[in-house]
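Content type compact mmCIF, C-alpha atoms and all ligand atoms, from the file model.txt:
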# COMPACT_ATOMS: atom_id res chain seq x y z
CA MET N 179 -78.16 47.94 17.32
CA HIS N 180 -80.20 47.80 20.50
CA LYS N 181 -80.58 51.23 22.11
CA TYR N 182 -78.54 51.56 25.31
CA GLY N 183 -78.80 54.86 27.20
CA THR N 184 -77.22 57.71 25.26
CA ALA N 185 -75.67 55.39 22.64
CA ALA N 186 -76.14 56.95 19.21
CA VAL N 187 -74.63 56.95 15.75
CA ASN N 188 -73.24 60.29 14.57
CA ASP N 189 -73.14 61.64 11.02
CA ARG N 190 -69.72 60.07 10.50
CA GLY N 191 -71.25 56.66 11.15
CA HIS N 192 -69.36 56.41 14.45
CA LEU N 193 -70.80 55.12 17.69
CA GLU N 194 -71.26 57.82 20.30
CA ILE N 195 -71.61 57.30 24.06
CA GLY N 196 -72.49 60.21 26.33
CA GLY N 197 -71.87 62.54 23.40
CA VAL N 198 -68.32 61.18 23.04
CA ASP N 199 -67.26 59.84 19.64
CA VAL N 200 -66.00 56.33 20.37
CA VAL N 201 -63.48 56.47 17.51
CA GLU N 202 -62.00 59.66 18.95
CA ALA N 203 -61.95 58.18 22.45
CA ALA N 204 -60.09 55.13 21.12
CA ALA N 205 -57.55 57.41 19.43
CA GLN N 206 -57.09 59.43 22.62
CA PHE N 207 -56.96 56.64 25.21
CA GLY N 208 -55.95 53.63 23.11
CA THR N 209 -57.60 50.22 22.97
CA PRO N 210 -58.85 48.16 24.60
CA LEU N 211 -60.85 50.70 26.51
CA TYR N 212 -63.84 50.57 28.82
CA LEU N 213 -66.22 53.47 28.27
CA TYR N 214 -69.13 54.23 30.63
CA ASP N 215 -72.31 56.13 29.85
CA VAL N 216 -72.54 58.10 33.10
CA ALA N 217 -76.01 59.49 32.34
CA LEU N 218 -77.33 55.94 32.09
CA ILE N 219 -75.89 55.00 35.50
CA ARG N 220 -77.57 58.09 36.98
CA GLU N 221 -80.86 57.23 35.26
CA ARG N 222 -80.79 53.68 36.64
CA ALA N 223 -79.99 54.90 40.15
CA ARG N 224 -82.79 57.45 40.04
CA GLY N 225 -85.19 54.87 38.59
CA PHE N 226 -84.78 52.71 41.69
CA LYS N 227 -84.90 55.60 44.14
CA GLN N 228 -87.91 57.30 42.57
CA THR N 229 -89.96 54.11 42.74
CA PHE N 230 -89.46 53.91 46.49
CA ASP N 231 -90.27 57.61 46.83
CA LYS N 232 -93.42 57.25 44.74
CA LEU N 233 -94.69 54.47 46.97
CA GLY N 234 -93.69 56.34 50.13
CA VAL N 235 -91.42 53.56 51.36
CA THR N 236 -88.28 54.28 53.36
CA ALA N 237 -85.47 52.61 51.50
CA GLN N 238 -81.79 52.34 50.83
CA VAL N 239 -80.54 51.53 47.36
CA ALA N 240 -77.05 50.16 47.88
CA TYR N 241 -74.75 49.85 44.91
CA ALA N 242 -73.11 46.41 45.01
CA SER N 243 -69.69 47.77 44.23
CA LYS N 244 -68.18 44.41 43.30
CA ALA N 245 -69.86 44.92 39.89
CA PHE N 246 -67.42 47.75 39.20
CA ALA N 247 -65.41 49.22 42.04
CA SER N 248 -63.24 52.28 41.64
CA VAL N 249 -62.81 55.57 43.43
CA ALA N 250 -64.66 57.52 40.72
CA MET N 251 -67.50 54.99 40.55
CA MET N 252 -68.01 55.16 44.30
CA GLN N 253 -68.00 58.96 44.11
CA LEU N 254 -70.66 58.75 41.41
CA ALA N 255 -72.70 56.46 43.69
CA GLU N 256 -72.33 59.07 46.43
CA GLN N 257 -73.48 61.86 44.06
CA GLU N 258 -76.60 59.80 43.38
CA GLU N 259 -77.15 59.33 47.14
CA LEU N 260 -76.85 55.57 46.93
CA SER N 261 -75.57 53.41 49.74
CA LEU N 262 -72.65 51.10 49.07
CA ASP N 263 -72.05 47.37 49.51
CA VAL N 264 -68.49 46.22 49.96
CA VAL N 265 -67.36 42.62 50.24
CA SER N 266 -63.72 42.93 51.21
CA GLY N 267 -61.18 45.13 52.94
CA GLY N 268 -60.04 46.26 49.50
CA GLU N 269 -63.47 47.50 48.49
CA LEU N 270 -63.89 49.17 51.88
CA TYR N 271 -60.50 50.87 51.46
CA THR N 272 -61.53 52.11 48.01
CA ALA N 273 -64.76 53.50 49.47
CA GLN N 274 -62.80 55.32 52.18
CA LYS N 275 -60.42 56.78 49.59
CA ALA N 276 -63.46 57.88 47.57
CA GLY N 277 -64.72 59.74 50.65
CA PHE N 278 -67.88 57.65 50.72
CA PRO N 279 -69.96 58.33 53.87
CA ALA N 280 -69.20 55.46 56.25
CA GLU N 281 -72.72 55.32 57.64
CA ARG N 282 -74.04 54.27 54.23
CA ILE N 283 -71.53 51.44 53.75
CA HIS N 284 -72.67 47.84 54.24
CA PHE N 285 -70.14 45.04 54.57
CA HIS N 286 -70.83 41.61 53.04
CA GLY N 287 -68.91 38.39 52.68
CA ASN N 288 -68.95 34.77 53.81
CA ASN N 289 -65.47 34.77 55.34
CA LYS N 290 -64.62 38.22 56.62
CA SER N 291 -61.35 38.21 58.50
CA ARG N 292 -60.91 39.70 61.96
CA GLU N 293 -58.76 42.42 60.35
CA GLU N 294 -61.56 43.28 57.92
CA LEU N 295 -64.09 43.43 60.76
CA GLU N 296 -61.76 45.66 62.82
CA MET N 297 -61.42 47.88 59.75
CA ALA N 298 -65.22 48.14 59.53
CA PHE N 299 -65.38 49.18 63.21
CA ASP N 300 -62.54 51.69 62.70
CA ALA N 301 -64.40 53.20 59.77
CA GLY N 302 -67.70 53.24 61.68
CA ILE N 303 -69.67 51.76 58.80
CA GLY N 304 -73.46 51.64 58.77
CA CYS N 305 -73.93 47.92 59.02
CA ILE N 306 -72.31 44.53 58.73
CA VAL N 307 -74.26 41.80 56.98
CA VAL N 308 -73.42 38.81 59.15
CA ASP N 309 -73.03 35.56 57.29
CA ASN N 310 -72.05 32.91 59.84
CA PHE N 311 -71.54 32.01 63.51
CA LEU N 312 -67.78 32.65 63.53
CA GLU N 313 -68.34 36.17 62.29
CA LEU N 314 -71.14 36.76 64.78
CA ASP N 315 -68.78 35.75 67.61
CA MET N 316 -65.99 37.99 66.33
CA ILE N 317 -68.32 40.99 66.00
CA GLY N 318 -69.54 40.36 69.55
CA GLU N 319 -65.95 40.27 70.85
CA ILE N 320 -64.75 43.29 68.90
CA SER N 321 -67.76 45.42 69.84
CA GLU N 322 -67.41 44.55 73.53
CA ALA N 323 -63.65 45.09 73.57
CA ARG N 324 -64.15 48.52 72.04
CA GLY N 325 -67.41 49.38 73.71
CA GLN N 326 -68.57 50.30 70.22
CA ALA N 327 -72.05 49.50 68.94
CA MET N 328 -72.53 47.94 65.52
CA ASN N 329 -75.64 47.46 63.41
CA ILE N 330 -76.00 44.09 61.75
CA LEU N 331 -78.28 42.37 59.31
CA LEU N 332 -78.41 38.59 59.40
CA ARG N 333 -77.95 37.06 55.99
CA ILE N 334 -80.39 34.23 55.64
CA THR N 335 -80.94 31.68 52.92
CA PRO N 336 -84.67 31.36 52.47
CA GLY N 337 -84.45 28.14 50.47
CA ILE N 338 -85.20 29.83 47.18
CA GLU N 339 -82.62 29.95 44.48
CA ALA N 340 -83.09 31.79 41.20
CA HIS N 341 -81.61 30.23 38.12
CA THR N 342 -82.36 33.12 35.83
CA HIS N 343 -85.65 31.83 34.50
CA ASP N 344 -86.74 29.27 37.04
CA TYR N 345 -86.55 28.88 40.80
CA ILE N 346 -85.45 26.00 42.88
CA LEU N 347 -87.17 25.57 46.18
CA THR N 348 -85.09 23.39 48.41
CA GLY N 349 -85.76 22.25 51.94
CA GLN N 350 -82.13 22.46 52.96
CA GLU N 351 -80.52 25.25 50.99
CA ASP N 352 -77.11 24.16 49.67
CA SER N 353 -75.21 27.45 49.68
CA LYS N 354 -72.00 28.72 51.18
CA PHE N 355 -73.79 31.93 52.15
CA GLY N 356 -75.89 32.79 55.15
CA PHE N 357 -77.95 31.17 57.90
CA ASP N 358 -80.54 28.67 56.78
CA LEU N 359 -84.11 29.64 57.48
CA ASN N 360 -85.51 26.12 57.36
CA ASN N 361 -83.10 24.18 59.57
CA GLY N 362 -83.21 26.58 62.52
CA GLN N 363 -79.76 28.14 62.09
CA ALA N 364 -81.21 31.54 61.26
CA GLU N 365 -83.22 31.53 64.48
CA GLU N 366 -80.21 30.35 66.47
CA ALA N 367 -78.12 33.19 65.02
CA LEU N 368 -80.82 35.71 65.85
CA THR N 369 -81.10 34.44 69.42
CA ILE N 370 -77.34 34.72 69.90
CA ALA N 371 -77.16 38.16 68.28
CA LEU N 372 -79.99 39.56 70.41
CA LYS N 373 -77.99 38.76 73.56
CA LYS N 374 -74.89 40.66 72.48
CA PRO N 375 -74.87 44.01 74.29
CA PHE N 376 -73.21 46.12 71.60
CA VAL N 377 -74.81 44.42 68.61
CA HIS N 378 -78.00 45.86 67.21
CA VAL N 379 -79.93 43.56 64.88
CA LEU N 380 -81.46 45.86 62.29
CA GLY N 381 -83.07 43.08 60.35
CA LEU N 382 -82.63 40.40 57.74
CA HIS N 383 -80.90 40.14 54.41
CA CYS N 384 -81.28 37.72 51.54
CA HIS N 385 -79.91 37.61 48.01
CA ILE N 386 -81.37 34.89 45.83
CA GLY N 387 -79.28 35.08 42.68
CA SER N 388 -78.19 37.21 39.77
CA GLN N 389 -79.35 38.20 36.28
CA ILE N 390 -82.97 37.46 37.31
CA PHE N 391 -85.66 38.45 34.81
CA GLU N 392 -88.85 38.32 36.82
CA THR N 393 -90.13 39.06 40.29
CA THR N 394 -91.29 35.54 41.23
CA GLY N 395 -88.17 34.69 43.23
CA PHE N 396 -88.21 37.95 45.18
CA ILE N 397 -91.91 37.50 45.92
CA LEU N 398 -91.41 33.93 47.14
CA ALA N 399 -88.50 35.01 49.31
CA ALA N 400 -90.38 37.97 50.79
CA GLU N 401 -93.38 35.76 51.60
CA LYS N 402 -91.26 33.20 53.34
CA ILE N 403 -89.20 35.68 55.32
CA ILE N 404 -92.18 37.68 56.48
CA GLY N 405 -93.90 34.50 57.61
CA LYS N 406 -90.84 33.75 59.72
CA LEU N 407 -90.68 37.33 61.01
CA ALA N 408 -94.25 37.04 62.25
CA ASP N 409 -93.27 33.90 64.15
CA TRP N 410 -90.19 35.59 65.64
CA HIS N 411 -92.25 38.61 66.57
CA ASN N 412 -94.58 36.39 68.60
CA ARG N 413 -91.97 34.15 70.19
CA LEU N 414 -88.86 36.34 70.45
CA SER N 415 -90.41 39.84 70.42
CA PHE N 416 -88.11 40.61 67.53
CA GLU N 417 -89.20 43.23 65.04
CA SER N 418 -87.20 43.69 61.85
CA GLU N 419 -86.59 47.37 61.09
CA VAL N 420 -84.97 46.52 57.77
CA LEU N 421 -85.64 43.93 55.14
CA ASN N 422 -82.85 43.74 52.57
CA LEU N 423 -83.85 41.78 49.49
CA GLY N 424 -80.47 41.88 47.76
CA GLY N 425 -79.72 42.52 44.12
CA GLY N 426 -79.74 40.37 41.04
CA PHE N 427 -82.06 42.35 38.75
CA GLY N 428 -81.40 41.23 35.19
CA ILE N 429 -80.27 43.33 32.24
CA ARG N 430 -80.39 42.95 28.48
CA TYR N 431 -77.07 41.60 27.15
CA THR N 432 -78.51 40.42 23.84
CA ALA N 433 -81.82 40.59 22.00
CA GLU N 434 -82.75 37.26 23.65
CA ASP N 435 -82.83 38.82 27.11
CA ASP N 436 -86.07 40.43 28.20
CA PRO N 437 -85.65 41.99 31.63
CA LEU N 438 -88.20 44.12 33.46
CA GLU N 439 -87.57 47.80 33.98
CA PRO N 440 -85.70 48.27 37.28
CA ALA N 441 -88.65 50.15 38.71
CA ALA N 442 -91.01 47.30 37.90
CA TYR N 443 -89.06 44.83 40.06
CA VAL N 444 -89.08 47.20 42.97
CA GLU N 445 -92.73 48.13 42.72
CA GLU N 446 -93.95 44.54 42.79
CA ILE N 447 -91.63 43.59 45.63
CA ILE N 448 -92.71 46.52 47.76
CA ARG N 449 -96.39 45.82 47.23
CA LYS N 450 -95.83 42.21 48.27
CA VAL N 451 -93.98 43.22 51.43
CA GLN N 452 -96.74 45.72 52.24
CA THR N 453 -99.55 43.17 51.93
CA GLU N 454 -97.66 40.39 53.72
CA THR N 455 -96.60 42.54 56.68
CA LYS N 456 -100.12 43.90 57.01
CA LYS N 457 -101.53 40.37 56.91
CA CYS N 458 -99.15 39.34 59.70
CA GLY N 459 -99.73 42.47 61.78
CA LEU N 460 -96.12 43.63 61.42
CA LYS N 461 -94.77 47.13 60.93
CA MET N 462 -93.66 47.86 57.37
CA PRO N 463 -89.85 47.59 57.49
CA GLU N 464 -87.43 49.76 55.55
CA ILE N 465 -86.68 48.04 52.26
CA TRP N 466 -83.08 47.87 51.15
CA ILE N 467 -81.97 46.58 47.77
CA GLU N 468 -78.50 46.00 46.34
CA PRO N 469 -78.35 46.32 42.58
CA GLY N 470 -74.93 45.87 41.00
CA ARG N 471 -75.28 44.71 37.43
CA SER N 472 -78.51 46.64 36.81
CA LEU N 473 -76.86 49.93 37.79
CA VAL N 474 -73.71 49.70 35.69
CA GLY N 475 -73.97 46.70 33.35
CA ASP N 476 -75.50 48.19 30.25
CA ALA N 477 -73.79 51.53 30.83
CA GLY N 478 -70.39 50.06 29.98
CA ILE N 479 -68.95 49.14 26.60
CA THR N 480 -65.54 47.78 25.69
CA ILE N 481 -63.77 49.10 22.59
CA TYR N 482 -61.26 46.79 20.93
CA GLU N 483 -59.18 47.12 17.79
CA THR N 484 -59.44 44.21 15.38
CA GLY N 485 -56.24 42.44 14.40
CA SER N 486 -55.63 39.06 12.82
CA ILE N 487 -58.37 37.41 10.80
CA LYS N 488 -58.39 33.64 10.36
CA ASP N 489 -60.76 32.13 7.84
CA VAL N 490 -61.32 28.38 8.19
CA PRO N 491 -63.09 27.67 4.89
CA ASN N 492 -66.62 26.33 5.32
CA VAL N 493 -66.21 26.35 9.10
CA ARG N 494 -65.87 29.80 10.57
CA LYS N 495 -64.06 33.08 10.46
CA TYR N 496 -62.17 34.22 13.54
CA LEU N 497 -61.74 37.93 14.07
CA ALA N 498 -59.21 38.59 16.82
CA VAL N 499 -59.20 41.67 19.04
CA ASP N 500 -56.53 43.24 21.25
CA GLY N 501 -58.13 42.07 24.52
CA GLY N 502 -60.10 39.04 25.66
CA MET N 503 -60.58 36.98 28.82
CA SER N 504 -58.09 39.24 30.60
CA ASP N 505 -60.54 42.18 30.41
CA ASN N 506 -63.77 40.17 30.20
CA ILE N 507 -63.74 36.68 31.64
CA ARG N 508 -67.52 36.23 31.58
CA PRO N 509 -67.79 34.45 28.21
CA ALA N 510 -65.09 31.95 29.23
CA LEU N 511 -66.38 31.59 32.79
CA TYR N 512 -70.16 31.55 32.29
CA GLU N 513 -70.65 31.28 28.53
CA ALA N 514 -72.03 34.80 28.78
CA LYS N 515 -73.40 36.23 25.53
CA TYR N 516 -72.79 39.71 24.17
CA GLU N 517 -73.53 41.82 21.12
CA ALA N 518 -71.11 44.11 19.33
CA VAL N 519 -70.86 46.48 16.38
CA LEU N 520 -68.05 48.01 14.39
CA ALA N 521 -67.84 51.34 16.19
CA ASN N 522 -66.21 53.14 13.25
CA ARG N 523 -68.76 51.86 10.69
CA VAL N 524 -72.02 51.36 12.55
CA ASN N 525 -74.25 52.03 9.54
CA ASP N 526 -72.48 49.62 7.18
CA PRO N 527 -74.68 46.69 6.17
CA VAL N 528 -74.13 43.32 7.83
CA GLU N 529 -72.30 41.04 5.39
CA GLU N 530 -70.90 38.11 7.31
CA THR N 531 -70.87 36.14 10.51
CA VAL N 532 -67.63 36.08 12.48
CA SER N 533 -66.51 34.84 15.87
CA ILE N 534 -64.61 37.26 18.08
CA ALA N 535 -61.42 35.80 19.52
CA GLY N 536 -59.40 37.23 22.38
CA LYS N 537 -55.62 37.36 22.34
CA CYS N 538 -54.93 35.12 25.33
CA CYS N 539 -53.20 31.77 24.95
CA GLU N 540 -56.28 29.71 25.64
CA SER N 541 -58.70 28.24 23.10
CA GLY N 542 -61.56 29.13 25.42
CA ASP N 543 -60.71 32.80 25.08
CA MET N 544 -63.56 33.62 22.72
CA LEU N 545 -65.61 36.75 23.40
CA ILE N 546 -68.53 36.23 21.00
CA TRP N 547 -69.50 33.29 18.80
CA ASP N 548 -71.30 33.92 15.49
CA LEU N 549 -71.67 37.66 15.44
CA PRO N 550 -73.24 39.28 12.36
CA LEU N 551 -71.02 42.16 11.23
CA PRO N 552 -70.09 44.23 8.20
CA LYS N 553 -66.98 42.82 6.52
CA ALA N 554 -64.34 43.73 9.10
CA ASN N 555 -60.77 44.67 8.31
CA THR N 556 -57.74 44.70 10.50
CA GLY N 557 -57.73 48.04 12.32
CA ASP N 558 -61.50 48.43 12.71
CA LEU N 559 -62.95 49.17 16.13
CA LEU N 560 -65.25 46.66 17.76
CA ALA N 561 -67.60 47.98 20.45
CA MET N 562 -68.91 45.22 22.72
CA PHE N 563 -72.02 46.28 24.66
CA CYS N 564 -73.03 45.70 28.27
CA THR N 565 -69.60 45.06 29.72
CA GLY N 566 -70.06 47.52 32.59
CA ALA N 567 -70.62 44.94 35.33
CA TYR N 568 -68.13 42.23 36.25
CA GLY N 569 -65.86 43.30 33.40
CA TYR N 570 -63.19 45.53 34.87
CA SER N 571 -63.83 44.14 38.34
CA MET N 572 -62.95 40.62 37.15
CA ALA N 573 -60.13 41.77 34.85
CA ASN N 574 -56.83 40.06 35.39
CA ASN N 575 -53.29 39.97 34.10
CA TYR N 576 -53.34 36.54 32.45
CA ASN N 577 -50.51 36.45 29.91
CA ARG N 578 -49.28 39.63 31.61
CA ILE N 579 -51.68 41.70 29.60
CA PRO N 580 -52.06 45.13 31.23
CA ARG N 581 -55.60 46.03 32.26
CA PRO N 582 -57.30 48.62 30.03
CA PRO N 583 -58.19 52.12 31.22
CA VAL N 584 -61.72 53.22 32.17
CA VAL N 585 -63.24 56.41 30.81
CA PHE N 586 -66.47 58.09 31.94
CA ALA N 587 -68.37 59.75 29.10
CA GLU N 588 -70.96 62.37 29.94
CA LYS N 589 -72.29 65.41 28.09
CA GLY N 590 -69.63 65.23 25.41
CA GLU N 591 -66.76 64.96 27.90
CA ALA N 592 -64.47 61.96 28.24
CA LYS N 593 -62.87 61.65 31.67
CA LEU N 594 -60.17 59.10 32.47
CA VAL N 595 -61.08 57.46 35.81
CA ILE N 596 -58.71 54.48 35.80
CA ARG N 597 -55.50 54.76 33.86
CA ARG N 598 -54.14 51.98 31.67
CA GLU N 599 -51.83 49.59 33.45
CA THR N 600 -48.22 49.80 32.26
CA PHE N 601 -45.62 47.08 31.95
CA ASP N 602 -43.94 48.63 35.00
CA ASP N 603 -47.20 48.25 36.93
CA LEU N 604 -47.10 44.58 35.99
CA ILE N 605 -43.70 43.96 37.54
CA LYS N 606 -43.93 46.33 40.47
CA LEU N 607 -44.51 43.51 42.97
CA ASP N 608 -41.89 41.21 41.43
CA LEU N 609 -38.62 40.68 43.26
CA PRO N 610 -35.61 39.50 41.30
CA LEU N 611 -33.55 36.57 42.54
CA GLY N 612 -30.44 37.49 44.46
CA LEU N 613 -31.88 40.27 46.62
CA PRO N 614 -31.76 40.00 50.43
CA GLN N 615 -35.19 38.78 51.60
CA THR N 616 -37.21 41.40 53.48
CA ASN N 617 -40.83 40.29 52.74
C1 LIG F 701 -73.45 40.16 43.98
C2 LIG F 701 -74.39 40.63 45.00
C3 LIG F 701 -75.26 41.69 44.70
C4 LIG F 701 -75.36 42.31 43.36
O1 LIG F 701 -75.80 41.41 42.40
P1 LIG F 701 -76.16 41.93 40.92
O2 LIG F 701 -76.55 40.69 40.21
O3 LIG F 701 -74.91 42.54 40.37
O4 LIG F 701 -77.25 42.92 41.05
C5 LIG F 701 -76.07 42.15 45.73
N1 LIG F 701 -76.02 41.61 46.96
C6 LIG F 701 -75.19 40.59 47.28
C7 LIG F 701 -75.18 40.07 48.65
C8 LIG F 701 -74.35 40.08 46.31
O5 LIG F 701 -73.54 39.07 46.62

Produce structure tokens that represent the structure in this file.
Ligand SMILES: *Cc1c(COP(=O)(O)O)cnc(C)c1O
Amino acid sequence: MHKYGTAAVNDRGHLEIGGVDVVEAAAQFGTPLYLYDVALIRERARGFKQTFDKLGVTAQVAYASKAFASVAMMQLAEQEELSLDVVSGGELYTAQKAGFPAERIHFHGNNKSREELEMAFDAGIGCIVVDNFLELDMIGEISEARGQAMNILLRITPGIEAHTHDYILTGQEDSKFGFDLNNGQAEEALTIALKKPFVHVLGLHCHIGSQIFETTGFILAAEKIIGKLADWHNRLSFESEVLNLGGGFGIRYTAEDDPLEPAAYVEEIIRKVQTETKKCGLKMPEIWIEPGRSLVGDAGITIYETGSIKDVPNVRKYLAVDGGMSDNIRPALYEAKYEAVLANRVNDPVEETVSIAGKCCESGDMLIWDLPLPKANTGDLLAMFCTGAYGYSMANNYNRIPRPPVVFAEKGEAKLVIRRETFDDLIKLDLPLGLPQTN
């Protein structure tokens, strides 16, 4: 078992997370269950922040809440003095309910509605990351109508795309996000934004991909953007106060993954920005980053109970669990790989290779192919690691399977932070035939 945060095996041979016996947690809260190692989330957050502090760089570390958004998670982000990225009215609403300080909320998205933008103005959030011309116009109108100033970052596509291990440099970036740096749209957007009386352009934003294992892409992006900033400084007298380099820092899902330490990404990126800005005679901007996966991904595990076992002689053995693509769609959607152990018998020797099947009516609902395990019986507990990012947040009710609860484990305490969905929750929006229609 790879070592994740506080994960340990106790003297009963049970997996422990945050000092909480996973077998006991499963008995208390039922399965499937998402369990988070809160200390590990704190450690990751501090790792990023301390690196900026060490290098004396003014920074904001914004948690990309789409990775796992809930009231408790946003409150934890606030405790760790992170900023917060939201990408929809729903995430912004959650942040407000969590009491997250509005001035540290940043709003993303490639098709924000007017209602969402109005909501951002109502809340008085710290900054909107502007993606396109329509949005820029709407922000101009809303800010003038209200006489209310708004900070913006312009999201640009630098023409660098990270595909985990390699980078594609394209002349004309083919992406639904942002203003293109190469074809002049980014400059056009900047020129328009600078003329809007209530809009303050704080700087630029770019996000080059996700689950990235090295710094090359960030370095290439920084180089390119700073080159452009030097040009804009000369021609447009524009100086970027903030350079937001996005998120995407990779994590270890399986032994095959070999990510850098979070701090290592940041350190190299900062040094690059420092040398490039100096070279171009620019002021060192504030550096903002937006980790999602790397803050919460490896801090989350999913606990399932094993059920039916199907042995196809000489082919494979299927071990089914009481969840699947409804609580973790990543294997079906991206062929994402995971590791798992039997949480109630961690020390038992590996005896066989099984494939973990979900319970949804879909052949593609397989969680893990070819997993080495002790000989599993019906009623064992399977702990799947690294499900903390894009697990719960992408969970769905396919087959009308209720979404599992979420528990925070820290210092031996297990705290329920999202309750299990009930069958009544599932039908609460349903209207039977024969009722008068009221919308
Ligand atoms: C998704 C996203 C992030 C977070 O990405 P991770 O891979 O989870 O770190 C950050 N910024 C933007 C703009 C995003 O879309």

Using only C-alpha atoms, determine which residues lie at most 6 Å from stretch 325-335 of chain N, disregarding the query and same-chain residues fewer than 4 positions distant; provide the list as a PyMOL selection string.
chain N and resi 305-309+321+356-359+376-384

Return as JSON the centre and edge lengths, in Å with one decimal, of the box along x, y and z that encloses every atom of stretch 516-521 of chain N in the file, padded by 4 Å per side.
{"center_x": -70.7, "center_y": 45.5, "center_z": 19.3, "size_x": 13.7, "size_y": 19.6, "size_z": 17.8}

Excluding N:Phe230 and any residue of its chain fewer than 4 positions from it, enumerate the residues within 9 Å of it, using all atoms listed in the file, and give them as a PyMOL selection string.
chain N and resi 226+234-238+441+444-445+448+465

Within 9 Å of ligand LIG 701 (chain F), counting all atoms listed in the file, which protein or nucleic acid residues do you find, written as an MDAnalysis selection string?
chainID N and resid 240:245 263 265 286:287 307 333 355 383:390 423:428 467:475 567:568

For N:Lys488, find every residue with an atom within 10 Å (counting all atoms listed in the file), except residues of its own chain fewer than 2 positions away, and show them as a list in words.
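The neighbour list is Gly485, Ser486, Val490, Pro491, Arg494, Lys495, Tyr496, Leu497, Ala498, Val532, Ser533 and Ala535 of chain N.
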
Skipping near chain neighbours, those fewer than 6 positions away, what residues fall within 8 Å of stretch 394-399 of chain N using only C-alpha atoms, listed as a list in words?
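The residues that qualify are Pro336, Ile338, Glu339, Ala340, Tyr345, Ile386, Leu423, Glu446, Ile447 and Lys450 of chain N.
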
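What separates atom CA of N:Lys553 from atom CA of N:Gly183 is a distance of 26.7 Å.
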
Need to verify the contact set: N:Ala514, 10 Å, all atoms listed in the file, exclusion of same-chain residues closer than 2 positions in sequence. Can you return it as a PyMOL selection string?
chain N and resi 431-432+506-512+516+545-546
